[in-house]
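Text of start04.txt (compact mmCIF, C-alpha atoms) as supplied:
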```
# COMPACT_ATOMS: atom_id res chain seq x y z
CA MET B 1 75.19 -42.94 115.16
CA ALA B 2 74.99 -40.19 112.52
CA GLY B 3 74.41 -37.59 115.22
CA GLY B 4 77.45 -38.81 117.15
CA LEU B 5 79.59 -38.65 114.02
CA VAL B 6 78.45 -35.10 113.27
CA ALA B 7 79.22 -34.09 116.87
CA LEU B 8 82.66 -35.68 116.60
CA LEU B 9 83.36 -33.85 113.35
CA ASP B 10 82.23 -30.59 114.93
CA ASP B 11 84.64 -31.19 117.82
CA VAL B 12 87.48 -31.97 115.38
CA ALA B 13 86.69 -28.83 113.36
CA ALA B 14 86.67 -26.73 116.55
CA LEU B 15 89.98 -28.27 117.63
CA VAL B 16 91.50 -27.51 114.22
CA LYS B 17 90.34 -23.90 114.48
CA VAL B 18 91.83 -23.53 117.96
CA THR B 19 95.08 -25.15 116.81
CA ALA B 20 95.27 -22.90 113.75
CA ALA B 21 94.63 -19.83 115.91
CA SER B 22 97.34 -20.97 118.34
CA LEU B 23 99.78 -21.51 115.47
CA ASP B 24 98.94 -18.03 114.16
CA ASP B 25 99.58 -16.58 117.63
CA ILE B 26 102.91 -18.41 117.85
CA ALA B 27 103.95 -17.28 114.35
CA LEU B 28 102.92 -13.68 115.08
CA GLY B 29 104.64 -13.71 118.47
CA ALA B 30 107.82 -15.19 116.95
CA ALA B 31 107.85 -12.54 114.21
CA LYS B 32 107.36 -9.72 116.74
CA ALA B 33 110.00 -11.07 119.11
CA SER B 34 112.48 -11.68 116.27
CA THR B 35 112.12 -8.10 115.03
CA LYS B 36 113.07 -6.72 118.44
CA ALA B 37 116.12 -9.01 118.61
CA MET B 38 117.30 -8.23 115.07
CA GLY B 39 120.09 -5.90 116.20
CA VAL B 40 121.74 -8.74 118.12
CA VAL B 41 121.20 -11.06 115.12
CA VAL B 42 123.06 -8.60 112.85
CA ASP B 43 125.84 -8.47 115.42
CA ASP B 44 125.96 -12.29 115.60
CA ALA B 45 126.11 -12.65 111.81
CA ALA B 46 128.78 -9.96 111.57
CA VAL B 47 130.99 -11.37 114.32
CA THR B 48 130.98 -15.08 113.43
CA PRO B 49 132.82 -15.03 110.04
CA GLN B 50 136.02 -13.91 111.78
CA TYR B 51 136.32 -17.34 113.40
CA VAL B 52 137.04 -19.07 110.07
CA GLU B 53 139.54 -16.53 108.76
CA GLY B 54 142.70 -18.32 107.63
CA ILE B 55 141.04 -21.75 107.78
CA SER B 56 141.23 -24.18 104.88
CA PRO B 57 138.18 -23.60 102.61
CA LYS B 58 137.30 -27.30 102.92
CA ARG B 59 136.92 -26.94 106.70
CA GLU B 60 134.93 -23.67 106.76
CA LEU B 61 131.44 -25.18 106.40
CA PRO B 62 132.08 -28.08 108.83
CA ILE B 63 133.29 -25.59 111.45
CA ILE B 64 130.30 -23.30 110.89
CA TRP B 65 128.01 -26.33 111.21
CA LYS B 66 129.58 -27.28 114.55
CA ILE B 67 129.25 -23.68 115.79
CA ALA B 68 125.59 -23.67 114.70
CA VAL B 69 124.98 -26.93 116.59
CA GLY B 70 126.62 -25.37 119.66
CA SER B 71 124.43 -22.30 119.19
CA ILE B 72 121.15 -24.23 119.09
CA ARG B 73 122.33 -26.22 122.14
CA ASN B 74 123.04 -22.94 123.95
CA LYS B 75 119.55 -21.66 123.16
CA LEU B 76 117.42 -24.75 123.77
CA VAL B 77 119.31 -26.60 126.52
CA PHE B 78 120.85 -23.84 128.64
CA ILE B 79 119.22 -20.44 128.01
CA LEU B 80 115.59 -21.25 127.23
CA PRO B 81 114.76 -23.24 130.42
CA VAL B 82 116.45 -20.66 132.66
CA ALA B 83 114.74 -17.74 130.88
CA LEU B 84 111.31 -19.39 131.11
CA LEU B 85 111.75 -20.23 134.80
CA LEU B 86 112.80 -16.66 135.54
CA SER B 87 109.85 -15.27 133.58
CA TYR B 88 107.52 -17.48 135.63
CA PHE B 89 109.01 -17.16 139.13
CA ALA B 90 111.07 -13.94 138.97
CA PRO B 91 110.00 -11.73 136.02
CA TRP B 92 111.63 -8.76 137.76
CA ALA B 93 115.03 -10.35 137.02
CA LEU B 94 114.68 -10.02 133.23
CA THR B 95 115.50 -6.30 133.16
CA PRO B 96 118.77 -6.63 135.16
CA ILE B 97 119.75 -9.61 132.98
CA LEU B 98 119.09 -7.59 129.84
CA MET B 99 121.18 -4.76 131.27
CA LEU B 100 124.07 -7.11 132.06
CA GLY B 101 123.96 -8.37 128.50
CA GLY B 102 123.78 -4.79 127.26
CA ALA B 103 126.82 -3.89 129.37
CA TYR B 104 128.75 -6.78 127.79
CA LEU B 105 127.77 -5.68 124.28
CA VAL B 106 128.75 -2.02 124.79
CA PHE B 107 132.02 -3.14 126.39
CA GLU B 108 132.82 -5.30 123.34
CA GLY B 109 131.83 -2.56 120.91
CA ALA B 110 133.64 0.26 122.71
CA GLU B 111 136.77 -1.87 123.14
CA LYS B 112 136.86 -2.53 119.38
CA LEU B 113 136.44 1.17 118.60
CA LEU B 114 139.10 2.22 121.10
CA GLU B 115 141.46 -0.37 119.58
CA ALA B 116 140.68 0.92 116.07
CA PHE B 117 141.45 4.49 117.16
CA GLY B 118 144.73 3.30 118.69
CA TRP B 119 143.76 4.48 122.17
CA ILE B 120 144.22 1.03 123.70
CA LYS B 121 146.32 -1.95 122.66
CA HIS B 122 144.77 -4.81 120.68
CA HIS B 123 144.44 -7.74 123.08
CA GLY B 124 144.92 -10.37 120.42
CA ALA B 125 148.18 -8.94 119.11
CA GLY B 126 150.30 -11.41 121.00
CA GLU B 127 148.49 -14.32 119.37
CA ALA B 128 149.13 -13.29 115.80
CA GLY B 129 150.70 -15.99 113.71
CA LYS B 130 149.71 -18.82 116.05
CA GLU B 131 147.95 -21.71 114.39
CA ARG B 132 144.46 -22.15 115.78
CA ASP B 133 143.03 -25.61 116.09
CA GLU B 134 139.42 -26.25 115.17
CA LYS B 135 138.35 -27.22 118.68
CA SER B 136 139.51 -23.93 120.18
CA ILE B 137 137.88 -21.97 117.33
CA ILE B 138 134.54 -23.71 117.87
CA ASN B 139 134.70 -23.37 121.67
CA SER B 140 135.52 -19.66 121.42
CA ALA B 141 132.71 -19.04 118.92
CA VAL B 142 130.18 -20.98 120.99
CA ARG B 143 131.14 -19.02 124.14
CA THR B 144 130.56 -15.73 122.32
CA ASP B 145 127.32 -17.11 120.89
CA LEU B 146 126.14 -17.95 124.43
CA VAL B 147 125.99 -14.26 125.33
CA LEU B 148 124.42 -13.18 122.04
CA SER B 149 121.91 -16.05 122.11
CA ALA B 150 120.96 -15.14 125.68
CA GLU B 151 120.31 -11.57 124.54
CA ILE B 152 118.21 -12.75 121.59
CA LEU B 153 116.03 -15.00 123.75
CA VAL B 154 115.67 -12.62 126.70
CA ILE B 155 114.75 -9.71 124.37
CA SER B 156 112.28 -12.01 122.62
CA LEU B 157 110.89 -13.22 125.95
CA ASN B 158 110.43 -9.63 127.08
CA GLU B 159 108.23 -9.02 124.03
CA VAL B 160 105.93 -12.00 124.67
CA ALA B 161 105.92 -11.99 128.49
CA HIS B 162 102.14 -11.43 128.48
CA GLU B 163 101.49 -14.70 126.63
CA PRO B 164 100.50 -17.94 128.44
CA PHE B 165 103.48 -20.00 129.58
CA LEU B 166 103.17 -22.74 126.93
CA THR B 167 102.68 -20.25 124.09
CA ARG B 168 105.66 -18.29 125.38
CA ALA B 169 107.81 -21.44 125.37
CA LEU B 170 106.76 -22.42 121.85
CA ILE B 171 107.42 -18.91 120.54
CA LEU B 172 110.92 -18.96 122.00
CA VAL B 173 111.62 -22.39 120.48
CA VAL B 174 110.56 -21.05 117.07
CA VAL B 175 112.72 -17.93 117.57
CA ALA B 176 115.72 -20.02 118.68
CA VAL B 177 115.58 -22.33 115.65
CA MET B 178 114.74 -19.57 113.17
CA MET B 179 117.49 -17.22 114.37
CA THR B 180 120.09 -19.98 114.33
CA VAL B 181 119.18 -20.92 110.74
CA VAL B 182 119.18 -17.27 109.63
CA VAL B 183 122.47 -16.35 111.31
CA TYR B 184 124.53 -19.39 110.39
CA GLY B 185 122.96 -19.73 106.94
CA ALA B 186 124.03 -16.13 106.28
CA VAL B 187 127.49 -16.79 107.74
CA ALA B 188 127.94 -19.89 105.55
CA LEU B 189 126.95 -17.89 102.47
CA ILE B 190 129.28 -15.03 103.38
CA VAL B 191 132.38 -17.18 103.97
CA LYS B 192 131.82 -19.21 100.78
CA MET B 193 131.03 -16.20 98.58
CA ASP B 194 134.61 -15.89 97.34
CA ASP B 195 134.67 -19.61 96.45
CA ILE B 196 131.40 -19.15 94.55
CA GLY B 197 133.00 -16.20 92.77
CA LEU B 198 136.08 -18.23 91.82
CA HIS B 199 133.85 -21.03 90.52
CA MET B 200 131.84 -18.59 88.42
CA ALA B 201 135.00 -16.88 87.14
CA ALA B 202 136.19 -20.24 85.76
CA LYS B 203 133.04 -20.65 83.65
CA PRO B 204 133.29 -20.11 79.85
CA ARG B 205 130.53 -17.47 79.72
CA LYS B 206 131.81 -13.90 79.99
CA LEU B 207 128.89 -12.73 82.13
CA SER B 208 129.57 -15.49 84.65
CA GLN B 209 133.28 -14.60 84.68
CA LYS B 210 132.49 -10.93 85.23
CA ILE B 211 130.09 -11.65 88.12
CA GLY B 212 132.55 -14.13 89.64
CA ARG B 213 135.47 -11.67 89.57
CA GLY B 214 133.16 -9.02 91.02
CA LEU B 215 132.23 -11.29 93.92
CA VAL B 216 135.89 -12.07 94.66
CA LYS B 217 136.79 -8.37 94.64
CA ALA B 218 133.75 -7.42 96.71
CA MET B 219 134.29 -9.89 99.56
CA PRO B 220 137.05 -7.97 101.40
CA ILE B 221 134.83 -4.87 101.26
CA ILE B 222 131.80 -6.83 102.47
CA MET B 223 133.78 -8.33 105.35
CA SER B 224 135.08 -4.88 106.32
CA VAL B 225 131.57 -3.40 106.24
CA LEU B 226 130.22 -6.34 108.25
CA SER B 227 132.82 -5.84 110.97
CA LYS B 228 131.85 -2.16 111.25
CA VAL B 229 128.13 -3.00 111.22
CA GLY B 230 128.81 -5.51 113.99
CA VAL B 231 130.43 -2.85 116.18
CA VAL B 232 127.58 -0.39 115.55
CA ALA B 233 125.03 -3.11 116.32
CA MET B 234 126.78 -3.90 119.61
CA LEU B 235 126.70 -0.26 120.69
CA TRP B 236 123.15 0.34 119.44
CA VAL B 237 121.58 -2.76 120.98
CA GLY B 238 123.61 -2.60 124.18
CA GLY B 239 123.08 1.14 124.63
CA HIS B 240 119.34 0.79 124.04
CA LEU B 241 119.08 -2.08 126.54
CA LEU B 242 120.88 -0.03 129.18
CA LEU B 243 118.84 3.14 128.58
CA VAL B 244 115.51 1.29 128.65
CA GLY B 245 116.63 -0.77 131.65
CA MET B 246 117.54 2.35 133.64
CA ASP B 247 114.15 3.81 132.75
CA GLU B 248 112.32 0.68 133.95
CA LEU B 249 114.32 0.63 137.18
CA GLY B 250 113.34 4.22 137.99
CA TRP B 251 116.06 6.46 136.50
CA HIS B 252 113.91 8.08 133.80
CA ALA B 253 116.03 11.08 132.78
CA PRO B 254 118.44 9.52 130.20
CA TYR B 255 115.89 7.56 128.16
CA GLY B 256 113.24 10.22 128.76
CA PHE B 257 115.48 12.75 126.99
CA VAL B 258 116.16 10.36 124.08
CA HIS B 259 112.46 9.55 123.71
CA HIS B 260 111.54 13.26 123.86
CA VAL B 261 113.97 14.12 121.02
CA GLU B 262 112.73 11.11 119.04
CA GLU B 263 109.12 12.32 119.39
CA LEU B 264 110.07 15.87 118.34
CA VAL B 265 111.77 14.59 115.18
CA HIS B 266 108.90 12.20 114.51
CA HIS B 267 106.27 14.94 114.61
CA ALA B 268 108.39 17.53 112.76
CA THR B 269 109.28 15.45 109.70
CA GLY B 270 105.91 14.30 108.38
CA SER B 271 105.75 11.01 106.50
CA ALA B 272 109.44 10.30 107.17
CA GLY B 273 108.95 10.86 110.90
CA ALA B 274 108.81 7.20 111.94
CA VAL B 275 112.07 6.34 110.16
CA LEU B 276 113.89 9.51 111.23
CA GLY B 277 112.65 9.17 114.79
CA TRP B 278 113.99 5.60 114.88
CA CYS B 279 117.33 6.87 113.49
CA VAL B 280 117.53 9.47 116.26
CA ASN B 281 116.82 6.84 118.92
CA THR B 282 119.43 4.54 117.38
CA ALA B 283 122.04 7.31 117.16
CA PHE B 284 121.55 8.28 120.81
CA SER B 285 121.68 4.61 121.80
CA CYS B 286 125.00 4.22 119.95
CA VAL B 287 126.52 7.30 121.59
CA ALA B 288 125.28 6.26 125.04
CA GLY B 289 126.53 2.73 124.38
CA PHE B 290 129.98 3.98 123.44
CA ILE B 291 130.24 6.24 126.51
CA MET B 292 129.13 3.51 128.92
CA GLY B 293 131.21 0.90 127.09
CA ALA B 294 134.32 3.11 127.24
CA ILE B 295 133.84 3.55 131.00
CA ILE B 296 133.50 -0.22 131.47
CA THR B 297 136.57 -0.81 129.26
CA VAL B 298 138.68 1.59 131.33
CA ILE B 299 137.56 -0.14 134.54
CA VAL B 300 138.25 -3.64 133.13
CA LEU B 301 141.69 -2.65 131.79
CA GLY B 302 142.52 -0.95 135.09
CA ILE B 303 141.63 -4.13 137.02
CA GLN B 304 143.68 -6.24 134.59
CA LYS B 305 146.64 -3.89 134.98
CA LEU B 306 146.47 -4.09 138.77
CA ARG B 307 146.22 -7.89 138.64
CA ASN B 308 149.21 -8.14 136.28
CA LYS B 309 151.18 -5.78 138.52
CA GLY B 310 150.33 -7.93 141.53
CA LYS B 311 151.51 -11.08 139.72
CA VAL B 312 154.82 -9.42 138.76
CA GLU B 313 155.41 -8.27 142.33
CA ALA B 314 154.53 -11.72 143.67
CA ALA B 315 156.96 -13.31 141.21
CA HIS B 316 159.78 -11.11 142.53
```

Turn this file's structure into structure tokens for me.
Amino acid sequence: MAGGLVALLDDVAALVKVTAASLDDIALGAAKASTKAMGVVVDDAAVTPQYVEGISPKRELPIIWKIAVGSIRNKLVFILPVALLLSYFAPWALTPILMLGGAYLVFEGAEKLLEAFGWIKHHGAGEAGKERDEKSIINSAVRTDLVLSAEILVISLNEVAHEPFLTRALILVVVAVMMTVVVYGAVALIVKMDDIGLHMAAKPRKLSQKIGRGLVKAMPIIMSVLSKVGVVAMLWVGGHLLLVGMDELGWHAPYGFVHHVEELVHHATGSAGAVLGWCVNTAFSCVAGFIMGAIITVIVLGIQKLRNKGKVEAAH
């Protein structure tokens, strides 16, 4: 009896060790995958606050909560099963999917820059002043999130493609939940920062009042910086995905050149080489993203113009 109990305890101890090792692998894989997807996460966190601009402060958090629920549904119900099936049956499809997502990101980023420079008209200009209902806000935000969430999970999947199928699935579940909490927790904090500032400014203590007024004054600047960071993140992430994708599909020259310059800077700048090399890669990715995004924007606007012209002629 005692021998059987000892054997059972040994089995339990071995099982605990295996489970702990598996959990460590999942945590490590999730951290690695999340790091690679961070550019899209920054973009997601920078883009989302615009959806609650002009909304009653009392409705901001409920709307963000509903968008977050839609985001986790996007990741776990729609994107994750498809991504896992593709990774199992058609892993070759991941690179083209990443490139399609990259093309969408550079298109969005380039379009925003071209609008800011005044080179193309702002598409939303005709909707200014219209009251937006909550349902349309949430639906629009969740649609945008679908693309960004797909990028996050496919990038993450690409980083852990060598893992066993179950481990891969668990890592992606952890990434999906963690990224949703990080993004929408940050968004909630950002949109309520001015309310926190007003609350602190109403306190009797002078230090609290000073900090509160500072927060209120800083929020427009923070929102402006976030919008610019979002555009840069779109071009950087999208451009990098396209360059790496072209390299993996056999066109090595563009990314080969970027990688060569990155290596030169890395080796020439000593202890700062890793950081400066990354900055070079990022800068080239942004420029490439803008060029490719501008080309896509011109094509899309040209198609829209032809379609609108056809509708006008058909109406006459």

Practice item. Give me the residues within 8 Å of His240 (chain B) as a count of residues only, counting all atoms listed in the file and dropping any in the same chain fewer than 5 places off. Key: 5

Review point. For Val181 (chain B), which of B:Leu306, B:Val69, B:Val265, B:Ala202 is the closest residue, counting all atoms listed in the file?
Key: B:Val69

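You will find CA of Pro254 (chain B) at 25.5 Å from CA of Leu153 (chain B).
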
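CA of Gly245 (chain B) sits 25.7 Å away from CA of Leu170 (chain B).
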
Exercise for review: Can you pull out every residue within 8 Å of region 81-89 of chain B, counting all atoms listed in the file, but drop anything in the same chain fewer than 5 positions away, and send it as number ranges by chain?
Suggested key: B: 76, 94, 153-154, 157, 161, 165, 169

For the residues selected in the previous step, produce a file with C-alpha atoms as a CSV table (one decimal), in the coordinates of the input.
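As written to disk, part04.csv reads:
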```csv
chain,number,residue,atom,x,y,z
B,76,LEU,CA,117.4,-24.8,123.8
B,94,LEU,CA,114.7,-10.0,133.2
B,153,LEU,CA,116.0,-15.0,123.8
B,154,VAL,CA,115.7,-12.6,126.7
B,157,LEU,CA,110.9,-13.2,126.0
B,161,ALA,CA,105.9,-12.0,128.5
B,165,PHE,CA,103.5,-20.0,129.6
B,169,ALA,CA,107.8,-21.4,125.4
```

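Among the candidate residues B:Lys66, B:Val147, B:Asp195, B:Lys305, the one lying nearest to Ala103 (chain B) is B:Val147, with distances computed using all atoms listed in the file.
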
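In this comparison, which uses all atoms listed in the file, the residue of B:Glu159, B:Leu249, B:Val52, B:Val298 approaching Ser136 (chain B) most closely is B:Val52.
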
Practice item. Mind giving me the straight-line distance from CA of Pro49 (chain B) to CA of Val191 (chain B) in Å, one decimal? Key: 6.5 Å

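Remark: for Leu301 (chain B), the closest of the candidate residues B:Ile120, B:Ala68, B:Ile152, B:Ala288 is B:Ile120 (distances computed over only C-alpha atoms).
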
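Here the selection is built from all atoms listed in the file, and the residues within 12 Å of (133.7, -8.5, 92.1) turn out to be Met193, Asp194, Asp195, Ile196, Gly197, Leu198, Met200, Ala201, Leu207, Ser208, Gln209, Lys210, Ile211, Gly212, Arg213, Gly214, Leu215, Val216, Lys217, Ala218, Met219, Pro220, Ile221 and Ile222 of chain B.
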
**Study point:** Shell of 9 Å around Ile64 (chain B), all atoms listed in the file, local chain residues under 6 positions omitted, as number ranges by chain
**Key:** B: 48-49, 51-52, 138, 184, 187-188

Check your understanding: Between B:Gly310, B:Gly70, B:Gly238, B:Gly256, which one has atoms that come closest to Phe290 (chain B), using all atoms listed in the file?
Key -> B:Gly238
